[in-house]
Every structure is written in structure tokens, then in C-alpha cells.
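For reference, the structure is listed below as C-alpha cells.
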2 protein chains.
Amino acid sequence: VNIDNRISKLKSFVAEDLQKMDQLIKELLENRESLIPMLANYLISSGGKRLRPVLTLLVAKMFDYAGNQHINLAAAIEFIHSATLLHDDVIDESSLRRGVATANSKWGSKASILVGDFLLSQSFQLMVQSGSLKILDILSHISAMISEGEIRQLVSTHNLQVTDNDYIAIITAKTAVLFAAAAQIGAVVSQRSAEEEMALYNFGLELGIAFQIIDDTLDYAATQETLGKAIGDDFLEGKVTLPVIIAYHKSDEVDKSFWQRTITDFNQEGEDLQTAIGLMEKHDAFVLSFARAKQYATKAAGRLDIFPEHEVKTILLDILTFALERSF
Amino acid sequence: VNIDNRISKLKSFVAEDLQKMDQLIKELLENRESLIPMLANYLISSGGKRLRPVLTLLVAKMFDYAGNQHINLAAAIEFIHSATLLHDDVIDESSLRRGVATANSKWGSKASILVGDFLLSQSFQLMVQSGSLKILDILSHISAMISEGEIRQLVSTHNLQVTDNDYIAIITAKTAVLFAAAAQIGAVVSQRSAEEEMALYNFGLELGIAFQIIDDTLDYAATQETLGKAIGDDFLEGKVTLPVIIAYHKSDEVDKSFWQRTITDFNQEGEDLQTAIGLMEKHDAFVLSFARAKQYATKAAGRLDIFPEHEVKTILLDILTFALERSF
């Protein structure tokens with residue numbers, strides 16, 4: 001089964017809920033100052049995988065949740081994610097995402113900053129409508145964690161002292177906690193036990209870590225065509241991600257000086273990206289990064305052991321496979 | 001009584017609460033990624049008037065509120081305001097605020113964007129701790145309104161078709177609703193009637209509108225020394241504020257072509273700011289702007305008629321005078 005089929009399959013399973021979420025998002029954005037629907041619809045409809053809200057919808061389905069708060073909350077999660085993407089692209093000065101021009105490159109960074117702020121505030125309005133202080137507590141907490149993770153990533157740029165533990169802490173905060181909360185909330189609305197909630201939180205967390213490791217690996221190991229943007233963006237920004245950390249720590253003095261010049265001193269020349277990729281291949285950085293992602297995916301799969309067989313459980317396990325096998 | 005004395009007086013009235021709020025803010029920021037306390041403390045301690053949280057604290061005091069949720073909520077309001085300032089300064093590319101270098105000019109716009117996001121998320125965590133869905137509803141709603149107001153201001157830049165009604169709508173959303181919510185929340189925590197809540201909401205709203213009109217007027221009419229930043233920043237950014245709208249609509253064809261060149265076409269030359277100020281004086285734009293602010297302040301004062309005499313009521317009326325008479 002190829003990846004595209006897999007994504008279609010899991011989405012078709014919650015197709016009706018996803019459609020309701022899309023409708024809600026559309027209603028929340030229309031009749032707003034025109035930049036808001038323009039940027040938000042552009043971003044949300046431009047090929048995003050919507051994995052995070054899908055997690056919430058799937059978990060709610062696994063527990064036969066009969067209400068409709070999961071639609072609101074899935075939209076809130078998609079809004080938090082969209083706000084992050086808008087601000088990320090400004091910060092990284094990115095011009096392409098998923099093969100299309102970024103919002104900041106089309107409408108300017110000012111619009112992206114403000115529409116991101118609007119979406120974040122709007123996500124809180126949606127949570128308030130859920131009427132659950134517990135859910136507000138979870139999501140306001142992870143929303144602050146995401147910003148703190150982004151800040152930690154920012155100050156870690158150009159810093160080769162960043163260890164793989166630091167790296168895992170950064171991607172946990174900036175990426176994985178939102179996956180975690182998305183899965184957990186499907187259990188919270190369904191009023192499941194604390195144990196089940198925690199299992200889904202950890203499932204989402206480890207899925208998110210695996211997902212981000214693969215993302216950071218593909219930034220060097222993919223082709224521009226499949227990735228939808230130029231490869232090596234992280235290198236060109238001096239970001240210290242897992243493939244860099246692995247290659248750096250296995251380097252001899254000569255190779256170390258290459259990393260110091262290109263990442264720490266940020267003095268890059270024409271062929272440096274190719275040299276970096278060559279050093280990563282030489283030190284098995286891609287294989288080792290992939291293995292690390294697989295460890296997390298395996299742990300995530302184990303979190304679902306406490307749940308009985310269910311069609312959704314199979315799909316959740318499928319998402320783990322997708323996270324590892326995707327090439328974009 | 002001069003303005004500085006007035007501010008000291010009103011702050012001394014809630015000095016203990018303000019100190020508790022400062023302590024809470026300090027605790028929330030310490031042990032965070034270092035950029036967070038650095039930017040946030042810099043901003044919060046750099047001469048801000050803290051009018052918004054002071055409003056919450058004063059109103060709670062007027063109603064003899066005996067709990068401590070007002071401290072949390074005053075901090076949440078200060079965080080929303082601080083987040084807005086950080087993002088505003090990035091968007092306006094400002095280098096000075098209140099006479100000191102802006103955070104973005106010291107630490108870069110990336111740090112300002114992310115720390116702003118963190119403060120906004122943190123403000124929601126504080127609201128969740130209040131345990132009141134009603135307060136969360138009020139503040140998440142106005143938080144989205146603020147972003148939408150900022151967006152509307154952004155798209156109105158360089159647009160001389162903006163009317164004074166448009167202008168009032170923009171400053172209501174971007175500035176006044178936070179004053180309104182700050183005052184209202186003092187009544188909400190004190191469990192006052194809907195009528196009293198609404199009176200304070202409207203008091204804050206009209207105070208905020210008056211405050212922003214004066215702000216926009218001082219941007220042309222003040223001196224750099226008292227303003228703490230260069231005068232004419234709005235002009236240099238092509239913003240269409242009340243003094244511009246008044247002068248433009250009273251202009252003959254020759255003067256109109258000046259405004260079209262400098263604001264619409266945004267083709268400014270050396271002496272244009274002085275010419276703009278001259279045209280504003282010629283058309284009484286400062287006097288008329290001030291009169292408009294005073295109208296709102298008068299309406300705001302009337303909102304307090306339903307409350308009995310109280311030391312805090314006198315101070316709230318004093319804030320209106322301060323808003324009109326300040327020169328910075």
C-alpha cells in the first residue's frame with residue numbers, strides 16, 4: 001500500500017467529521033477582515049496532512065463518542081498548528097511549504113504575524129465553547145510549551161553544543177506535545193479513564209517525536225520534488241537537528257572544523273550542503289536518525305496495548321508506519 | 001497636580017496588589033528559556049504605565065473583592081498587552097518605545113514574535129487558573145478582536161478612504177476592548193450585576209478610545225523628548241490616523257495631492273512631516289482630535305454615575321483626566 005492510499009484511507013474513516021470541521025473553520029473565518037480568510041484558507045487548504053485534528057477525531061471515534069465537541073476541538077488544534085506554521089515561516093524566512101509559496105512570501109510577514117495571532121486567539125475561543133476547563137488547561141499549557149520549544153530552537157541555532165537530548169527536548173515541545181494533546185483530547189471528551197488518557201497522550205507524544213525526526217532527516221535526505229521545498233533549508237539556517245548532531249559527534253577534527261565553519265561561524269560556501277550530506281551519509285546519520293524515529297514509533301505502538309482490537313486502533317498503528325515511511 | 005503625581009497616586013492605591021502581580025509575573029517567567037524573562041521583563045519593567053491591569057485591580061477594590069483571582073487576571077491582561085506590544089513593534093519596525101530601545105531592535109524580530117506568542121499562551125493559562133469560563137469567554141473574544149483590529153489597521157495603511165468611523169472601529173478593536181475587558185473583569189470576579197459589569201465595560205471602552213486618539217494625536221503634536229520616541233512615526237509608516245483623516249477631509253485639491261503623494265503613493269521627501277504637521281495645525285486637526293477624545297472621556301465618566309461615591313470612583317475619573325492631559 002503506498003503512502004497516499006494510507007492517508008486517504010485514514011481520512012475516509014473520519015471523513016464526515018473532517019467535513020464538519022472544515023465547515024466550522026470556514027464559518028469562523030468568513031465575514032472577517034479579508035486577510036484572515038485569505039491567509040488561513042490558503043494555508044489550511046494547501047495540502048496539509050491535518051494529522052493532528054485527525055488524531056482527535058479518530059480517538060473520539062474509537063471510544064464511540066456521541067457528542068460534537070470533538071469537531072470544535074479538532075478545529076482548535078488545527079488553528080494552533082496553523083498559527084505556528086504562519087509564525088514559523090516568518091521566522092525561517094521560508095518561501096515554500098509543501099510545494100507552494102508560503103503565506104509570508106505572498107502577503108508579507110506582517111500579515112502572517114497578525115493572522116497567526118488571530119488564529120491562536122480563535123483557537124482559545126473554540127476551546128472555551130467546549131465548556132471544559134480541563135481541556136482548556138491541557139491546551140493552554142501545551143500552547144505555551146510550543147512557544148517555549150520554538151524559542152529554545154531559536155537560541156540553539158548555530159550551537160553545536162546541542163546534544164541529542166537537547167534536540168529531543170526541543171522537538172518534544174515544539175512538535176510532539178500538540179500530537180499528544182490531540183490524541184489525549186479524543187479521550188477526554190469521551191470521558192475515559194486517566195490511564196487511557198495518558199496512554200493516548202504518550203502515543204501522540206512519541207508519534208510526534210518520530211514524525212519530527214523524520215521531518216528533520218528528510219530535510220537532507222529527500223529530493224526537492226518529493227519534499228515540496230528545497231532540501232537543506234535547515235542547513236542554510238544553521239539549525240542543529242539530529243542528522244547534524246550525529247554527523248558532528250562522529251566526526252574527526254577535520255570534519256568538525258567543517259561543521260564549525262558552516263554551522264557555528266555560519267560561513268557557508270557553494271558546495272557546503274553537498275559536503276554536509278556526504279558527511280551525514282559517511283557517518284550513517286540518516287540510518288541512525290531513522291532508527292531513532294523507529295524506536296519512538298515502537299514505543300508509541302506499545303501504548304495502544306491496553307486498548308482492545310478496534311478498526312481505529314489499526315489505523316492509529318498505520319499512522320506510525322506512515323510517519324516512518326513517508327518521503328515528504 | 002501634575003500627571004506623574006496622578007499616576008503615582010492611583011498606583012499607590014493598589015500598590016499591594018500591583019506588587020503581588022509583579023511577583024506573580026516574575027515567578028511565571030523565571031526558569032524559562034532565557035529569552036523569555038529577558039524580553040518580557042525588559043518590556044514590562046521599561047516604564048509601561050500598566051493602566052490596563054491597574055483598572056482590573058481598582059475595580060476589584062471598589063467592590064471590596066476579597067479573593068485573589070484579580071491578581072492572576074491582571075497579570076493575564078498585562079501579558080496580552082505585552083504580547084501585542086512585542087508583535088506591534090516588529091510589524092512597525094519600531095526601534096524606540098517609551099524612550100528605550102524596543103525588544104526587536106535589541107534581540108531581533110524572531111525573538112519578539114516567539115516571546116509574544118509565549119506571553120499570549122501564558123495569559124490563557126492564567127485565565128484557566130481563574131476557573132471561570134465566563135472570564136475565559138470575555139478574554140478569548142477580545143484577544144481575537146485585538147488581532148482583527150491590528151489586521152484592519154494593517155490593510156488600512158496608505159488608504160485615505162478610511163473614514164473617522166473606520167478609524168474609531170479600528171482603535172476600538174485594537175486598543176479599547178482590552179481596557180473594557182480589564183474594567184469589566186474587576187466586576188466579574190466581584191460577582192456584580194450585569195448592569196454594573198456593562199457600565200464598567202463601557203467605561204473602559206470609551207477610556208480606551210480616548211486614550212488611543214490622544215496617542216495618535218501626540219504622535220504628531222508632542223515633542224520627541226516627552227514622547228520617548230521620534231514624532232511622526234505614524235506618518236513615516238503611512239498610517240491613517242484621526243489627525244490625518246481630519247486634515248485630509250478639510251483640504252483643498254492642492255493639499256489633498258500632498259496627502260495622496262505622502263500617504264497613498266507613500267512617496268515622502270525631507271520636509272514632508274513638517275508640512276503634514278503644518279496642515280494639521282492649519283485645519284485644527286489637533287484641537288478637533290482632542291475634542292473627540294474628550295467626548296469619549298465624558299461619556300466614560302457618565303458610565304460611573306450608577307456607582308455610589310467611593311475613593312476608587314474618584315481615581316477612575318482621574319484616569320480619564322490623565323488620559324486627556326498626558327503628553328506622552
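Following the order of the C-alpha cells, first chain is A, next is B, and so on, with residues numbered from 1 inside each chain and ligands from 1 in the order they appear.
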
So that each row is one residue of chain B with an atom at most 9 Å from chain A, can you give its shortest atom pair and the distance in Å to one decimal, using only C-alpha atoms, rows by chain and rising number, as CSV?
residue,atom,partner,partner_atom,distance
B:Arg32,CA,A:Glu148,CA,7.7
B:Glu33,CA,A:Arg152,CA,6.3
B:Ser34,CA,A:Arg152,CA,8.7
B:Leu35,CA,A:Ile151,CA,7.4
B:Ile36,CA,A:Glu148,CA,8.1
B:His87,CA,A:Ile113,CA,7.5
B:Val90,CA,A:Lys110,CA,8.1
B:Ile91,CA,A:Lys110,CA,5.4
B:Asp92,CA,A:Lys110,CA,8.7
B:Ser109,CA,A:Ile91,CA,8.1
B:Lys110,CA,A:Ile91,CA,5.4
B:Ala111,CA,A:Ile151,CA,7.0
B:Ile113,CA,A:His87,CA,7.5
B:Leu114,CA,A:Ser147,CA,6.0
B:Val115,CA,A:Ser147,CA,7.2
B:Gly116,CA,A:Ser147,CA,8.8
B:Asp117,CA,A:Ser147,CA,6.1
B:Phe118,CA,A:Ser147,CA,5.1
B:Leu119,CA,A:Ala144,CA,7.7
B:Leu120,CA,A:Ala144,CA,8.1
B:Ser121,CA,A:Ala144,CA,4.9
B:Gln122,CA,A:Ala144,CA,5.8
B:Ser123,CA,A:Ser140,CA,8.7
B:Phe124,CA,A:Ser140,CA,5.9
B:Gln125,CA,A:Ser140,CA,5.3
B:Val128,CA,A:Asp137,CA,6.1
B:Gln129,CA,A:Asp137,CA,8.0
B:Gly131,CA,A:Leu133,CA,7.0
B:Ser132,CA,A:Leu133,CA,8.3
B:Leu133,CA,A:Val128,CA,6.6
B:Lys134,CA,A:Val128,CA,8.7
B:Leu136,CA,A:Val128,CA,6.5
B:Asp137,CA,A:Val128,CA,6.1
B:Leu139,CA,A:Gln125,CA,8.8
B:Ser140,CA,A:Gln125,CA,5.3
B:His141,CA,A:Gln125,CA,6.3
B:Ile142,CA,A:Ser121,CA,8.6
B:Ser143,CA,A:Ser121,CA,5.7
B:Ala144,CA,A:Ser121,CA,4.9
B:Met145,CA,A:Phe118,CA,7.9
B:Ile146,CA,A:Phe118,CA,8.1
B:Ser147,CA,A:Phe118,CA,5.0
B:Glu148,CA,A:Phe118,CA,6.5
B:Gly149,CA,A:Glu33,CA,8.6
B:Glu150,CA,A:Leu114,CA,7.0
B:Ile151,CA,A:Leu114,CA,6.2
B:Arg152,CA,A:Glu33,CA,6.3
B:Leu154,CA,A:Ala111,CA,7.8
B:Val155,CA,A:Leu35,CA,8.1

Quiz prompt | Shell of 12 Å around Ser12 (chain A), only C-alpha atoms, local chain residues under 4 positions omitted, as a PyMOL selection string | solution = chain A and resi 5-8+16-19+54+57-58+312+315

Quiz item: Hey, what's within 12 Å of Asn159 (chain B) if we count only C-alpha atoms and toss same-chain stuff fewer than 4 positions away? As an NGL selection string, please?
Solution: :B and (152-155 or 163 or 166-167 or 237-241 or 244-245 or 248 or 259-266)

Quiz item: When DSSP works through the backbone of this structure, what residues of region 115-284 of chain A end up as alpha helix (DSSP H), shown as an MDAnalysis selection string?
Solution: chainID A and resid 115:130 133:156 164:171 177:189 194:221 224:227 233:236 242:249 253:259 272:282

Self-check item: For Gly204 (chain B): contacts at 8 Å, only C-alpha atoms, fewer than 4 positions along chain excluded, given as number ranges by chain
Solution: B: 176-184, 200, 208, 300

Take the residues that were just selected and, keeping all heavy atoms, output them as a PDB file, in the first residue's frame.
ATOM      1  N   ALA B 176      -9.199  49.583  22.577  1.00  0.00           N
ATOM      2  CA  ALA B 176     -10.181  49.891  23.614  1.00  0.00           C
ATOM      3  C   ALA B 176     -10.806  48.651  24.254  1.00  0.00           C
ATOM      4  O   ALA B 176     -11.131  48.662  25.439  1.00  0.00           O
ATOM      5  CB  ALA B 176     -11.269  50.806  23.053  1.00  0.00           C
ATOM      6  N   VAL B 177     -10.973  47.559  23.481  1.00  0.00           N
ATOM      7  CA  VAL B 177     -11.639  46.400  24.087  1.00  0.00           C
ATOM      8  C   VAL B 177     -10.818  45.796  25.230  1.00  0.00           C
ATOM      9  O   VAL B 177     -11.389  45.193  26.143  1.00  0.00           O
ATOM     10  CB  VAL B 177     -11.997  45.301  23.040  1.00  0.00           C
ATOM     11  CG1 VAL B 177     -13.060  45.801  22.066  1.00  0.00           C
ATOM     12  CG2 VAL B 177     -10.781  44.771  22.326  1.00  0.00           C
ATOM     13  N   LEU B 178      -9.513  45.970  25.203  1.00  0.00           N
ATOM     14  CA  LEU B 178      -8.714  45.434  26.315  1.00  0.00           C
ATOM     15  C   LEU B 178      -8.921  46.270  27.584  1.00  0.00           C
ATOM     16  O   LEU B 178      -9.044  45.720  28.687  1.00  0.00           O
ATOM     17  CB  LEU B 178      -7.229  45.349  25.945  1.00  0.00           C
ATOM     18  CG  LEU B 178      -6.336  44.613  26.959  1.00  0.00           C
ATOM     19  CD1 LEU B 178      -6.820  43.194  27.229  1.00  0.00           C
ATOM     20  CD2 LEU B 178      -4.886  44.588  26.497  1.00  0.00           C
ATOM     21  N   PHE B 179      -8.987  47.597  27.431  1.00  0.00           N
ATOM     22  CA  PHE B 179      -9.356  48.452  28.563  1.00  0.00           C
ATOM     23  C   PHE B 179     -10.744  48.048  29.081  1.00  0.00           C
ATOM     24  O   PHE B 179     -10.973  47.971  30.286  1.00  0.00           O
ATOM     25  CB  PHE B 179      -9.407  49.930  28.130  1.00  0.00           C
ATOM     26  CG  PHE B 179      -8.069  50.616  28.036  1.00  0.00           C
ATOM     27  CD1 PHE B 179      -7.316  50.551  26.878  1.00  0.00           C
ATOM     28  CD2 PHE B 179      -7.565  51.349  29.106  1.00  0.00           C
ATOM     29  CE1 PHE B 179      -6.088  51.206  26.782  1.00  0.00           C
ATOM     30  CE2 PHE B 179      -6.337  52.009  29.021  1.00  0.00           C
ATOM     31  CZ  PHE B 179      -5.601  51.938  27.862  1.00  0.00           C
ATOM     32  N   ALA B 180     -11.663  47.820  28.148  1.00  0.00           N
ATOM     33  CA  ALA B 180     -13.036  47.477  28.518  1.00  0.00           C
ATOM     34  C   ALA B 180     -13.073  46.178  29.321  1.00  0.00           C
ATOM     35  O   ALA B 180     -13.682  46.106  30.391  1.00  0.00           O
ATOM     36  CB  ALA B 180     -13.894  47.352  27.257  1.00  0.00           C
ATOM     37  N   ALA B 181     -12.402  45.147  28.792  1.00  0.00           N
ATOM     38  CA  ALA B 181     -12.399  43.862  29.480  1.00  0.00           C
ATOM     39  C   ALA B 181     -11.688  43.964  30.824  1.00  0.00           C
ATOM     40  O   ALA B 181     -12.110  43.348  31.807  1.00  0.00           O
ATOM     41  CB  ALA B 181     -11.726  42.805  28.603  1.00  0.00           C
ATOM     42  N   ALA B 182     -10.621  44.756  30.877  1.00  0.00           N
ATOM     43  CA  ALA B 182      -9.881  44.911  32.136  1.00  0.00           C
ATOM     44  C   ALA B 182     -10.795  45.454  33.228  1.00  0.00           C
ATOM     45  O   ALA B 182     -10.788  44.958  34.361  1.00  0.00           O
ATOM     46  CB  ALA B 182      -8.675  45.826  31.935  1.00  0.00           C
ATOM     47  N   ALA B 183     -11.589  46.473  32.884  1.00  0.00           N
ATOM     48  CA  ALA B 183     -12.500  47.046  33.880  1.00  0.00           C
ATOM     49  C   ALA B 183     -13.634  46.071  34.195  1.00  0.00           C
ATOM     50  O   ALA B 183     -13.981  45.845  35.361  1.00  0.00           O
ATOM     51  CB  ALA B 183     -13.051  48.380  33.376  1.00  0.00           C
ATOM     52  N   GLN B 184     -14.201  45.465  33.156  1.00  0.00           N
ATOM     53  CA  GLN B 184     -15.323  44.537  33.354  1.00  0.00           C
ATOM     54  C   GLN B 184     -14.944  43.391  34.287  1.00  0.00           C
ATOM     55  O   GLN B 184     -15.725  42.986  35.155  1.00  0.00           O
ATOM     56  CB  GLN B 184     -15.767  43.975  31.995  1.00  0.00           C
ATOM     57  CG  GLN B 184     -16.939  42.995  32.092  1.00  0.00           C
ATOM     58  CD  GLN B 184     -17.244  42.319  30.761  1.00  0.00           C
ATOM     59  OE1 GLN B 184     -16.491  42.459  29.799  1.00  0.00           O
ATOM     60  NE2 GLN B 184     -18.343  41.576  30.714  1.00  0.00           N
ATOM     61  N   LEU B 200     -18.986  49.219  33.513  1.00  0.00           N
ATOM     62  CA  LEU B 200     -17.525  49.256  33.588  1.00  0.00           C
ATOM     63  C   LEU B 200     -16.894  48.890  32.254  1.00  0.00           C
ATOM     64  O   LEU B 200     -15.865  49.441  31.861  1.00  0.00           O
ATOM     65  CB  LEU B 200     -17.036  48.348  34.715  1.00  0.00           C
ATOM     66  CG  LEU B 200     -17.302  48.997  36.078  1.00  0.00           C
ATOM     67  CD1 LEU B 200     -17.338  47.983  37.199  1.00  0.00           C
ATOM     68  CD2 LEU B 200     -16.266  50.100  36.343  1.00  0.00           C
ATOM     69  N   GLY B 208     -10.500  53.783  26.606  1.00  0.00           N
ATOM     70  CA  GLY B 208      -9.507  53.249  25.662  1.00  0.00           C
ATOM     71  C   GLY B 208      -9.520  54.003  24.340  1.00  0.00           C
ATOM     72  O   GLY B 208      -8.466  54.276  23.759  1.00  0.00           O
ATOM     73  N   ALA B 300     -17.482  58.229  29.077  1.00  0.00           N
ATOM     74  CA  ALA B 300     -16.945  57.243  30.019  1.00  0.00           C
ATOM     75  C   ALA B 300     -17.261  57.647  31.454  1.00  0.00           C
ATOM     76  O   ALA B 300     -17.681  56.813  32.268  1.00  0.00           O
ATOM     77  CB  ALA B 300     -15.433  57.089  29.814  1.00  0.00           C
TER      78      ALA B 300
END

Exercise. Give me, please, the distance in Å between CA of Ile185 (chain B) and CA of Ile80 (chain B), quoted to one decimal.
Key: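 Spanning CA of Ile185 (chain B) to CA of Ile80 (chain B) is a straight-line distance of 14.2 Å.
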
Quiz item: Separation of CA of Val287 (chain B) and CA of Asp318 (chain B), in Å?
Solution: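 Going from CA of Val287 (chain B) over to CA of Asp318 (chain B) covers 21.3 Å.
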
Exercise. Between CA of Asp284 (chain A) and CA of Ser94 (chain A), measure the distance and give it in Å to one decimal.
Key: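 We find that CA of Asp284 (chain A) and CA of Ser94 (chain A) lie 28.1 Å from each other.
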
Self-check item: Residue nearest Arg292 (chain B) - candidates B:Ala173, B:Leu86, B:Ile71, B:Ile213, atoms counted: only C-alpha atoms
Solution: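 Closest to Arg292 (chain B), using only C-alpha atoms: B:Ile213.
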
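Look at Asn165 (chain B): the protein and nucleic acid residues within 10 Å of it, using only C-alpha atoms and passing over chain neighbours fewer than 4 places away, are Ala169, Ile170 and Leu242 of chain B.
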
Put those residues in a file: N, CA and C atoms, as a PDB file, in the first residue's frame.
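Once everything was written out, this is selection25.pdb:
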ATOM      1  N   ALA B 169     -13.574  52.341  14.682  1.00  0.00           N
ATOM      2  CA  ALA B 169     -13.753  50.881  14.745  1.00  0.00           C
ATOM      3  C   ALA B 169     -12.405  50.185  14.924  1.00  0.00           C
ATOM      4  N   ILE B 170     -11.387  50.672  14.228  1.00  0.00           N
ATOM      5  CA  ILE B 170     -10.061  50.051  14.328  1.00  0.00           C
ATOM      6  C   ILE B 170      -9.485  50.210  15.733  1.00  0.00           C
ATOM      7  N   LEU B 242      -6.535  59.650  13.111  1.00  0.00           N
ATOM      8  CA  LEU B 242      -7.521  60.731  13.133  1.00  0.00           C
ATOM      9  C   LEU B 242      -6.977  62.091  12.663  1.00  0.00           C
TER      10      LEU B 242
END

Practice problem: May I have the residues within 12 Å of Pro308 (chain B) as a ChimeraX atom specification, using only C-alpha atoms and disregarding those fewer than 5 positions away in the same chain? | Solution: /B:62-63,196,303,313-314
